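Heads up, structure.cif below (mmCIF, N, CA and C atoms):
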data_start
#
loop_
_atom_site.label_atom_id
_atom_site.label_comp_id
_atom_site.auth_asym_id
_atom_site.auth_seq_id
_atom_site.Cartn_x
_atom_site.Cartn_y
_atom_site.Cartn_z
N ARG A 1 90.38 87.55 94.35
CA ARG A 1 89.08 86.93 94.61
C ARG A 1 87.98 87.65 93.85
N LEU A 2 88.07 88.95 93.70
CA LEU A 2 87.03 89.70 92.99
C LEU A 2 87.04 89.43 91.50
N LEU A 3 88.15 88.97 90.97
CA LEU A 3 88.26 88.78 89.54
C LEU A 3 87.46 87.58 89.05
N MET A 4 86.98 86.73 89.96
CA MET A 4 86.19 85.56 89.59
C MET A 4 84.81 85.95 89.05
N TYR A 5 84.34 87.11 89.41
CA TYR A 5 82.98 87.52 89.09
C TYR A 5 82.97 88.60 88.02
N HIS A 6 82.07 88.43 87.07
CA HIS A 6 81.79 89.53 86.15
C HIS A 6 80.85 90.45 86.90
N ILE A 7 81.28 91.66 87.17
CA ILE A 7 80.47 92.56 87.98
C ILE A 7 79.47 93.30 87.12
N SER A 8 79.94 94.04 86.14
CA SER A 8 79.04 94.82 85.30
C SER A 8 79.78 95.29 84.06
N ASN A 9 79.03 95.55 83.00
CA ASN A 9 79.64 96.14 81.81
C ASN A 9 79.90 97.63 81.99
N ASP A 10 79.24 98.24 82.95
CA ASP A 10 79.39 99.67 83.23
C ASP A 10 80.59 99.87 84.16
N LYS A 11 81.56 100.68 83.72
CA LYS A 11 82.79 100.85 84.51
C LYS A 11 82.53 101.55 85.84
N ASN A 12 81.56 102.46 85.91
CA ASN A 12 81.25 103.14 87.17
C ASN A 12 80.65 102.18 88.19
N ILE A 13 79.72 101.34 87.73
CA ILE A 13 79.13 100.34 88.62
C ILE A 13 80.19 99.36 89.07
N ARG A 14 81.03 98.92 88.15
CA ARG A 14 82.09 97.96 88.45
C ARG A 14 83.02 98.50 89.55
N GLU A 15 83.47 99.73 89.41
CA GLU A 15 84.37 100.33 90.39
C GLU A 15 83.67 100.56 91.73
N PHE A 16 82.42 100.99 91.69
CA PHE A 16 81.64 101.21 92.92
C PHE A 16 81.48 99.90 93.70
N VAL A 17 81.13 98.82 93.01
CA VAL A 17 80.96 97.52 93.66
C VAL A 17 82.29 97.00 94.18
N ARG A 18 83.35 97.17 93.45
CA ARG A 18 84.67 96.76 93.94
C ARG A 18 85.02 97.48 95.24
N ASN A 19 84.74 98.76 95.30
CA ASN A 19 85.00 99.52 96.53
C ASN A 19 84.15 99.03 97.69
N ILE A 20 82.90 98.69 97.42
CA ILE A 20 82.03 98.14 98.46
C ILE A 20 82.59 96.81 98.96
N LEU A 21 83.01 95.94 98.04
CA LEU A 21 83.52 94.63 98.43
C LEU A 21 84.85 94.73 99.18
N ARG A 22 85.63 95.76 98.92
CA ARG A 22 86.91 95.94 99.61
C ARG A 22 86.73 96.23 101.10
N THR A 23 85.54 96.65 101.50
CA THR A 23 85.29 96.93 102.92
C THR A 23 85.23 95.66 103.76
N LYS A 24 85.12 94.50 103.08
CA LYS A 24 85.04 93.19 103.75
C LYS A 24 83.75 93.01 104.54
N LYS A 25 82.76 93.88 104.33
CA LYS A 25 81.47 93.75 105.00
C LYS A 25 80.40 93.22 104.04
N TRP A 26 80.81 92.94 102.82
CA TRP A 26 79.92 92.42 101.79
C TRP A 26 80.59 91.23 101.11
N GLU A 27 79.76 90.34 100.56
CA GLU A 27 80.31 89.25 99.78
C GLU A 27 79.54 89.14 98.47
N PRO A 28 80.25 88.80 97.39
CA PRO A 28 79.57 88.62 96.12
C PRO A 28 78.95 87.23 96.05
N VAL A 29 77.73 87.16 95.52
CA VAL A 29 77.03 85.89 95.38
C VAL A 29 76.44 85.86 93.98
N ARG A 30 76.67 84.77 93.28
CA ARG A 30 76.10 84.60 91.94
C ARG A 30 74.73 83.95 92.11
N GLN A 31 73.70 84.56 91.56
CA GLN A 31 72.36 84.00 91.62
C GLN A 31 71.79 84.00 90.21
N GLY A 32 71.85 82.87 89.57
CA GLY A 32 71.45 82.79 88.18
C GLY A 32 72.42 83.59 87.33
N LYS A 33 71.90 84.51 86.56
CA LYS A 33 72.75 85.34 85.70
C LYS A 33 73.19 86.63 86.39
N HIS A 34 72.72 86.85 87.61
CA HIS A 34 72.97 88.12 88.28
C HIS A 34 73.98 87.97 89.40
N LEU A 35 74.75 89.03 89.60
CA LEU A 35 75.62 89.11 90.75
C LEU A 35 74.86 89.87 91.83
N ILE A 36 74.90 89.34 93.03
CA ILE A 36 74.25 89.98 94.17
C ILE A 36 75.33 90.22 95.20
N ILE A 37 75.30 91.40 95.83
CA ILE A 37 76.21 91.63 96.94
C ILE A 37 75.39 91.49 98.23
N ARG A 38 75.91 90.68 99.15
CA ARG A 38 75.19 90.36 100.39
C ARG A 38 75.94 90.96 101.57
N HIS A 39 75.21 91.69 102.40
CA HIS A 39 75.79 92.28 103.60
C HIS A 39 76.02 91.17 104.62
N LEU A 40 77.18 91.13 105.24
CA LEU A 40 77.56 90.04 106.12
C LEU A 40 77.04 90.16 107.54
N GLU A 41 76.60 91.35 107.96
CA GLU A 41 76.09 91.53 109.32
C GLU A 41 74.76 90.81 109.49
N LYS A 42 74.56 90.20 110.66
CA LYS A 42 73.28 89.59 110.94
C LYS A 42 72.23 90.70 111.04
N ASN A 43 71.08 90.51 110.43
CA ASN A 43 70.03 91.53 110.34
C ASN A 43 70.57 92.80 109.69
N GLY A 44 71.45 92.63 108.73
CA GLY A 44 72.08 93.77 108.06
C GLY A 44 71.21 94.35 106.96
N ILE A 45 71.85 94.87 105.97
CA ILE A 45 71.16 95.56 104.89
C ILE A 45 70.44 94.58 103.98
N GLY A 46 70.98 93.39 103.84
CA GLY A 46 70.37 92.40 102.96
C GLY A 46 71.14 92.29 101.66
N ASN A 47 70.43 91.95 100.60
CA ASN A 47 71.05 91.74 99.30
C ASN A 47 70.73 92.89 98.35
N ILE A 48 71.69 93.20 97.51
CA ILE A 48 71.48 94.20 96.46
C ILE A 48 71.92 93.58 95.15
N THR A 49 71.03 93.55 94.18
CA THR A 49 71.35 93.02 92.87
C THR A 49 72.12 94.05 92.07
N VAL A 50 73.22 93.62 91.48
CA VAL A 50 74.08 94.52 90.71
C VAL A 50 73.64 94.48 89.24
N PRO A 51 73.33 95.63 88.65
CA PRO A 51 72.96 95.65 87.23
C PRO A 51 74.17 95.31 86.36
N SER A 52 74.11 94.19 85.64
CA SER A 52 75.29 93.76 84.89
C SER A 52 75.34 94.31 83.48
N THR A 53 74.20 94.47 82.84
CA THR A 53 74.17 95.03 81.49
C THR A 53 73.17 96.19 81.45
N PRO A 54 73.53 97.31 82.06
CA PRO A 54 72.58 98.43 82.14
C PRO A 54 72.29 99.04 80.77
N SER A 55 71.01 99.28 80.52
CA SER A 55 70.62 99.87 79.24
C SER A 55 70.21 101.33 79.40
N CYS A 56 69.99 101.76 80.63
CA CYS A 56 69.55 103.13 80.90
C CYS A 56 70.75 103.96 81.37
N PRO A 57 70.87 105.18 80.91
CA PRO A 57 72.02 106.00 81.35
C PRO A 57 71.95 106.39 82.83
N HIS A 58 70.80 106.18 83.46
CA HIS A 58 70.64 106.55 84.87
C HIS A 58 70.87 105.36 85.81
N THR A 59 71.24 104.23 85.28
CA THR A 59 71.37 103.02 86.09
C THR A 59 72.38 103.17 87.22
N PHE A 60 73.52 103.76 86.94
CA PHE A 60 74.54 103.91 87.98
C PHE A 60 74.04 104.79 89.11
N GLU A 61 73.43 105.90 88.78
CA GLU A 61 72.90 106.81 89.81
C GLU A 61 71.80 106.12 90.62
N ASN A 62 70.94 105.37 89.95
CA ASN A 62 69.87 104.66 90.66
C ASN A 62 70.44 103.58 91.58
N PHE A 63 71.47 102.88 91.12
CA PHE A 63 72.10 101.85 91.93
C PHE A 63 72.75 102.46 93.17
N LYS A 64 73.48 103.57 92.98
CA LYS A 64 74.11 104.26 94.11
C LYS A 64 73.05 104.74 95.11
N LYS A 65 71.98 105.31 94.58
CA LYS A 65 70.91 105.83 95.43
C LYS A 65 70.28 104.70 96.25
N ASP A 66 70.07 103.55 95.64
CA ASP A 66 69.51 102.40 96.34
C ASP A 66 70.46 101.92 97.44
N TYR A 67 71.75 101.86 97.13
CA TYR A 67 72.74 101.43 98.12
C TYR A 67 72.76 102.39 99.31
N TYR A 68 72.84 103.68 99.06
CA TYR A 68 72.92 104.66 100.15
C TYR A 68 71.62 104.72 100.95
N ARG A 69 70.48 104.52 100.30
CA ARG A 69 69.20 104.49 101.01
C ARG A 69 69.16 103.30 101.97
N ARG A 70 69.59 102.13 101.49
CA ARG A 70 69.62 100.95 102.35
C ARG A 70 70.62 101.11 103.48
N LEU A 71 71.76 101.71 103.19
CA LEU A 71 72.77 101.95 104.22
C LEU A 71 72.23 102.89 105.29
N ARG A 72 71.55 103.95 104.89
CA ARG A 72 70.96 104.90 105.83
C ARG A 72 69.91 104.21 106.70
N ASP A 73 69.04 103.40 106.08
CA ASP A 73 68.02 102.68 106.84
C ASP A 73 68.66 101.75 107.87
N TYR A 74 69.74 101.10 107.48
CA TYR A 74 70.46 100.21 108.39
C TYR A 74 71.05 101.00 109.56
N PHE A 75 71.67 102.14 109.27
CA PHE A 75 72.25 102.96 110.33
C PHE A 75 71.18 103.47 111.30
N ILE A 76 70.01 103.81 110.78
CA ILE A 76 68.90 104.22 111.65
C ILE A 76 68.46 103.05 112.52
N ARG A 77 68.35 101.87 111.92
CA ARG A 77 67.88 100.69 112.65
C ARG A 77 68.82 100.30 113.78
N VAL A 78 70.13 100.42 113.57
CA VAL A 78 71.08 100.03 114.62
C VAL A 78 71.41 101.19 115.56
N GLY A 79 70.87 102.38 115.29
CA GLY A 79 71.03 103.50 116.19
C GLY A 79 72.24 104.37 115.96
N LEU A 80 72.89 104.25 114.81
CA LEU A 80 74.06 105.09 114.54
C LEU A 80 73.67 106.51 114.14
N ILE A 81 72.51 106.65 113.51
CA ILE A 81 72.00 107.98 113.17
C ILE A 81 70.52 108.05 113.53
N LEU A 82 70.01 109.25 113.70
CA LEU A 82 68.60 109.45 114.00
C LEU A 82 67.82 109.68 112.71
N PRO A 83 66.57 109.25 112.68
CA PRO A 83 65.74 109.57 111.51
C PRO A 83 65.54 111.08 111.42
N SER A 84 65.34 111.57 110.23
CA SER A 84 65.21 113.03 110.02
C SER A 84 64.01 113.60 110.77
N GLU A 85 62.97 112.80 111.06
CA GLU A 85 61.82 113.29 111.80
C GLU A 85 62.21 113.66 113.24
N GLN A 86 63.19 112.97 113.81
CA GLN A 86 63.61 113.25 115.18
C GLN A 86 64.59 114.40 115.24
N ILE A 87 65.25 114.70 114.15
CA ILE A 87 66.21 115.81 114.13
C ILE A 87 65.49 117.14 114.00
N ASN A 88 64.51 117.21 113.11
CA ASN A 88 63.74 118.44 112.85
C ASN A 88 62.27 118.21 113.19
N PRO A 89 61.90 118.28 114.49
CA PRO A 89 60.50 118.03 114.84
C PRO A 89 59.56 119.11 114.38
#

As structure tokens, the full file:
Amino acid sequence: RLLMYHISNDKNIREFVRNILRTKKWEPVRQGKHLIIRHLEKNGIGNITVPSTPSCPHTFENFKKDYYRRLRDYFIRVGLILPSEQINP
């Protein structure tokens, strides 16, 4: 099923997105020329656009950082982790 979509020209982004999709909590959605991964939980993380033809060498790191930031915000919102302000008052 994942082979239907061109994920990215960058092998690191491609493998990272494949691993995310293997969790079965995300689905790939084609929107125009871009691939978007959509979180399946109601009121979940939302959509993340996958960079398909990255021109900057920092694109993979920025994409990972965006994903983990959104994941952390989601975990705080559903109560799985506490915000850092509550841990270190």

TODO: Measuring atom to atom with only N, CA and C atoms, identify which of A:Thr49, A:Asn12, A:Ser84, A:Thr59 is nearest to Leu35 in chain A.
DONE: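 For Leu35 in chain A, the nearest of the given residues is A:Thr49.
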
If you run DSSP over the backbone, which residues in range 10-40 of chain A end up strand (DSSP E)? Put them as a JSON list (two decimals) with N, CA and C atoms, in the coordinates of the input.
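Output file states-v9.json is given in full below:
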[["chain", "number", "residue", "atom", "x", "y", "z"],
["A", 26, "TRP", "N", 80.81, 92.94, 102.82],
["A", 26, "TRP", "CA", 79.92, 92.42, 101.79],
["A", 26, "TRP", "C", 80.59, 91.23, 101.11],
["A", 27, "GLU", "N", 79.76, 90.34, 100.56],
["A", 27, "GLU", "CA", 80.31, 89.25, 99.78],
["A", 27, "GLU", "C", 79.54, 89.14, 98.47],
["A", 28, "PRO", "N", 80.25, 88.80, 97.39],
["A", 28, "PRO", "CA", 79.57, 88.62, 96.12],
["A", 28, "PRO", "C", 78.95, 87.23, 96.05],
["A", 29, "VAL", "N", 77.73, 87.16, 95.52],
["A", 29, "VAL", "CA", 77.03, 85.89, 95.38],
["A", 29, "VAL", "C", 76.44, 85.86, 93.98],
["A", 30, "ARG", "N", 76.67, 84.77, 93.28],
["A", 30, "ARG", "CA", 76.10, 84.60, 91.94],
["A", 30, "ARG", "C", 74.73, 83.95, 92.11],
["A", 31, "GLN", "N", 73.70, 84.56, 91.56],
["A", 31, "GLN", "CA", 72.36, 84.00, 91.62],
["A", 31, "GLN", "C", 71.79, 84.00, 90.21],
["A", 34, "HIS", "N", 72.72, 86.85, 87.61],
["A", 34, "HIS", "CA", 72.97, 88.12, 88.28],
["A", 34, "HIS", "C", 73.98, 87.97, 89.40],
["A", 35, "LEU", "N", 74.75, 89.03, 89.60],
["A", 35, "LEU", "CA", 75.62, 89.11, 90.75],
["A", 35, "LEU", "C", 74.86, 89.87, 91.83],
["A", 36, "ILE", "N", 74.90, 89.34, 93.03],
["A", 36, "ILE", "CA", 74.25, 89.98, 94.17],
["A", 36, "ILE", "C", 75.33, 90.22, 95.20],
["A", 37, "ILE", "N", 75.30, 91.40, 95.83],
["A", 37, "ILE", "CA", 76.21, 91.63, 96.94],
["A", 37, "ILE", "C", 75.39, 91.49, 98.23],
["A", 38, "ARG", "N", 75.91, 90.68, 99.15],
["A", 38, "ARG", "CA", 75.19, 90.36, 100.39],
["A", 38, "ARG", "C", 75.94, 90.96, 101.57],
["A", 39, "HIS", "N", 75.21, 91.69, 102.40],
["A", 39, "HIS", "CA", 75.79, 92.28, 103.60],
["A", 39, "HIS", "C", 76.02, 91.17, 104.62]]

- [ ] Apply the PyMOL selection byres ((chain A and resi 26) around 5) to the displayed file and report the matching residues as a list in words.
- [x]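 Output from the PyMOL selection byres ((chain A and resi 26) around 5), applied to this file: Lys24, Lys25, Glu27, Pro28, Arg38, His39 and Leu40 of chain A.
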
Give me the residues near Ile37 in chain A as an mmCIF file with N, CA and C atoms, in the frame of the given file, where near means some atom within 12 Å (using only C-alpha atoms) and where sequence neighbours in that chain fewer than 6 positions away do not count.
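What ended up in around09.cif:
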data_model
loop_
_atom_site.group_PDB
_atom_site.id
_atom_site.type_symbol
_atom_site.label_atom_id
_atom_site.label_comp_id
_atom_site.auth_asym_id
_atom_site.auth_seq_id
_atom_site.Cartn_x
_atom_site.Cartn_y
_atom_site.Cartn_z
ATOM 1 N N LEU A 2 88.070 88.950 93.700
ATOM 2 C CA LEU A 2 87.030 89.700 92.990
ATOM 3 C C LEU A 2 87.040 89.430 91.500
ATOM 4 N N TYR A 5 84.340 87.110 89.410
ATOM 5 C CA TYR A 5 82.980 87.520 89.090
ATOM 6 C C TYR A 5 82.970 88.600 88.020
ATOM 7 N N ILE A 7 81.280 91.660 87.170
ATOM 8 C CA ILE A 7 80.470 92.560 87.980
ATOM 9 C C ILE A 7 79.470 93.300 87.120
ATOM 10 N N PHE A 16 82.420 100.990 91.690
ATOM 11 C CA PHE A 16 81.640 101.210 92.920
ATOM 12 C C PHE A 16 81.480 99.900 93.700
ATOM 13 N N VAL A 17 81.130 98.820 93.010
ATOM 14 C CA VAL A 17 80.960 97.520 93.660
ATOM 15 C C VAL A 17 82.290 97.000 94.180
ATOM 16 N N ARG A 18 83.350 97.170 93.450
ATOM 17 C CA ARG A 18 84.670 96.760 93.940
ATOM 18 C C ARG A 18 85.020 97.480 95.240
ATOM 19 N N ASN A 19 84.740 98.760 95.300
ATOM 20 C CA ASN A 19 85.000 99.520 96.530
ATOM 21 C C ASN A 19 84.150 99.030 97.690
ATOM 22 N N ILE A 20 82.900 98.690 97.420
ATOM 23 C CA ILE A 20 82.030 98.140 98.460
ATOM 24 C C ILE A 20 82.590 96.810 98.960
ATOM 25 N N LEU A 21 83.010 95.940 98.040
ATOM 26 C CA LEU A 21 83.520 94.630 98.430
ATOM 27 C C LEU A 21 84.850 94.730 99.180
ATOM 28 N N ARG A 22 85.630 95.760 98.920
ATOM 29 C CA ARG A 22 86.910 95.940 99.610
ATOM 30 C C ARG A 22 86.730 96.230 101.100
ATOM 31 N N LYS A 24 85.120 94.500 103.080
ATOM 32 C CA LYS A 24 85.040 93.190 103.750
ATOM 33 C C LYS A 24 83.750 93.010 104.540
ATOM 34 N N LYS A 25 82.760 93.880 104.330
ATOM 35 C CA LYS A 25 81.470 93.750 105.000
ATOM 36 C C LYS A 25 80.400 93.220 104.040
ATOM 37 N N TRP A 26 80.810 92.940 102.820
ATOM 38 C CA TRP A 26 79.920 92.420 101.790
ATOM 39 C C TRP A 26 80.590 91.230 101.110
ATOM 40 N N GLU A 27 79.760 90.340 100.560
ATOM 41 C CA GLU A 27 80.310 89.250 99.780
ATOM 42 C C GLU A 27 79.540 89.140 98.470
ATOM 43 N N PRO A 28 80.250 88.800 97.390
ATOM 44 C CA PRO A 28 79.570 88.620 96.120
ATOM 45 C C PRO A 28 78.950 87.230 96.050
ATOM 46 N N VAL A 29 77.730 87.160 95.520
ATOM 47 C CA VAL A 29 77.030 85.890 95.380
ATOM 48 C C VAL A 29 76.440 85.860 93.980
ATOM 49 N N ARG A 30 76.670 84.770 93.280
ATOM 50 C CA ARG A 30 76.100 84.600 91.940
ATOM 51 C C ARG A 30 74.730 83.950 92.110
ATOM 52 N N GLN A 31 73.700 84.560 91.560
ATOM 53 C CA GLN A 31 72.360 84.000 91.620
ATOM 54 C C GLN A 31 71.790 84.000 90.210
ATOM 55 N N ILE A 45 71.850 94.870 105.970
ATOM 56 C CA ILE A 45 71.160 95.560 104.890
ATOM 57 C C ILE A 45 70.440 94.580 103.980
ATOM 58 N N GLY A 46 70.980 93.390 103.840
ATOM 59 C CA GLY A 46 70.370 92.400 102.960
ATOM 60 C C GLY A 46 71.140 92.290 101.660
ATOM 61 N N ASN A 47 70.430 91.950 100.600
ATOM 62 C CA ASN A 47 71.050 91.740 99.300
ATOM 63 C C ASN A 47 70.730 92.890 98.350
ATOM 64 N N ILE A 48 71.690 93.200 97.510
ATOM 65 C CA ILE A 48 71.480 94.200 96.460
ATOM 66 C C ILE A 48 71.920 93.580 95.150
ATOM 67 N N THR A 49 71.030 93.550 94.180
ATOM 68 C CA THR A 49 71.350 93.020 92.870
ATOM 69 C C THR A 49 72.120 94.050 92.070
ATOM 70 N N VAL A 50 73.220 93.620 91.480
ATOM 71 C CA VAL A 50 74.080 94.520 90.710
ATOM 72 C C VAL A 50 73.640 94.480 89.240
ATOM 73 N N PRO A 51 73.330 95.630 88.650
ATOM 74 C CA PRO A 51 72.960 95.650 87.230
ATOM 75 C C PRO A 51 74.170 95.310 86.360
ATOM 76 N N TYR A 67 71.750 101.860 97.130
ATOM 77 C CA TYR A 67 72.740 101.430 98.120
ATOM 78 C C TYR A 67 72.760 102.390 99.310
#

- [ ] Could you tell me, as JSON, numbers by chain, which residues of chain A DSSP assigns to alpha helix (DSSP H) when given the backbone?
- [x] {"A": [11, 12, 13, 14, 15, 16, 17, 18, 19, 20, 21, 22, 59, 60, 61, 62, 63, 64, 65, 66, 67, 68, 69, 70, 71, 72, 73, 74, 75, 76, 77, 78, 84, 85, 86, 87]}

TODO: Between atom N of His34 in chain A and atom N of Ser8 in chain A, measure the distance and give it in Å to one decimal.
DONE: 10.3 Å

Task: Point-to-point distance from CA of Glu41 in chain A to CA of Leu71 in chain A, Å rounded to tenths - done: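 So the two atoms, CA of Glu41 in chain A and CA of Leu71 in chain A, lie 12.1 Å apart.
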
Task: Residue with smallest distance to Asn9 in chain A - pool A:Asn62, A:Ser52, A:Tyr68, A:Gly79, counting all atoms listed in the file - done: A:Ser52

TODO: Record the distance separating CA of His58 in chain A and atom N of Arg70 in chain A, expressed in Å with one decimal.
DONE: 17.2 Å

Open item on the list: Taking only C-alpha atoms into account, name the residue in A:Lys42, A:Arg72, A:Phe60, A:Val78 that is nearest to Ile13 in chain A.
Closed with: A:Phe60
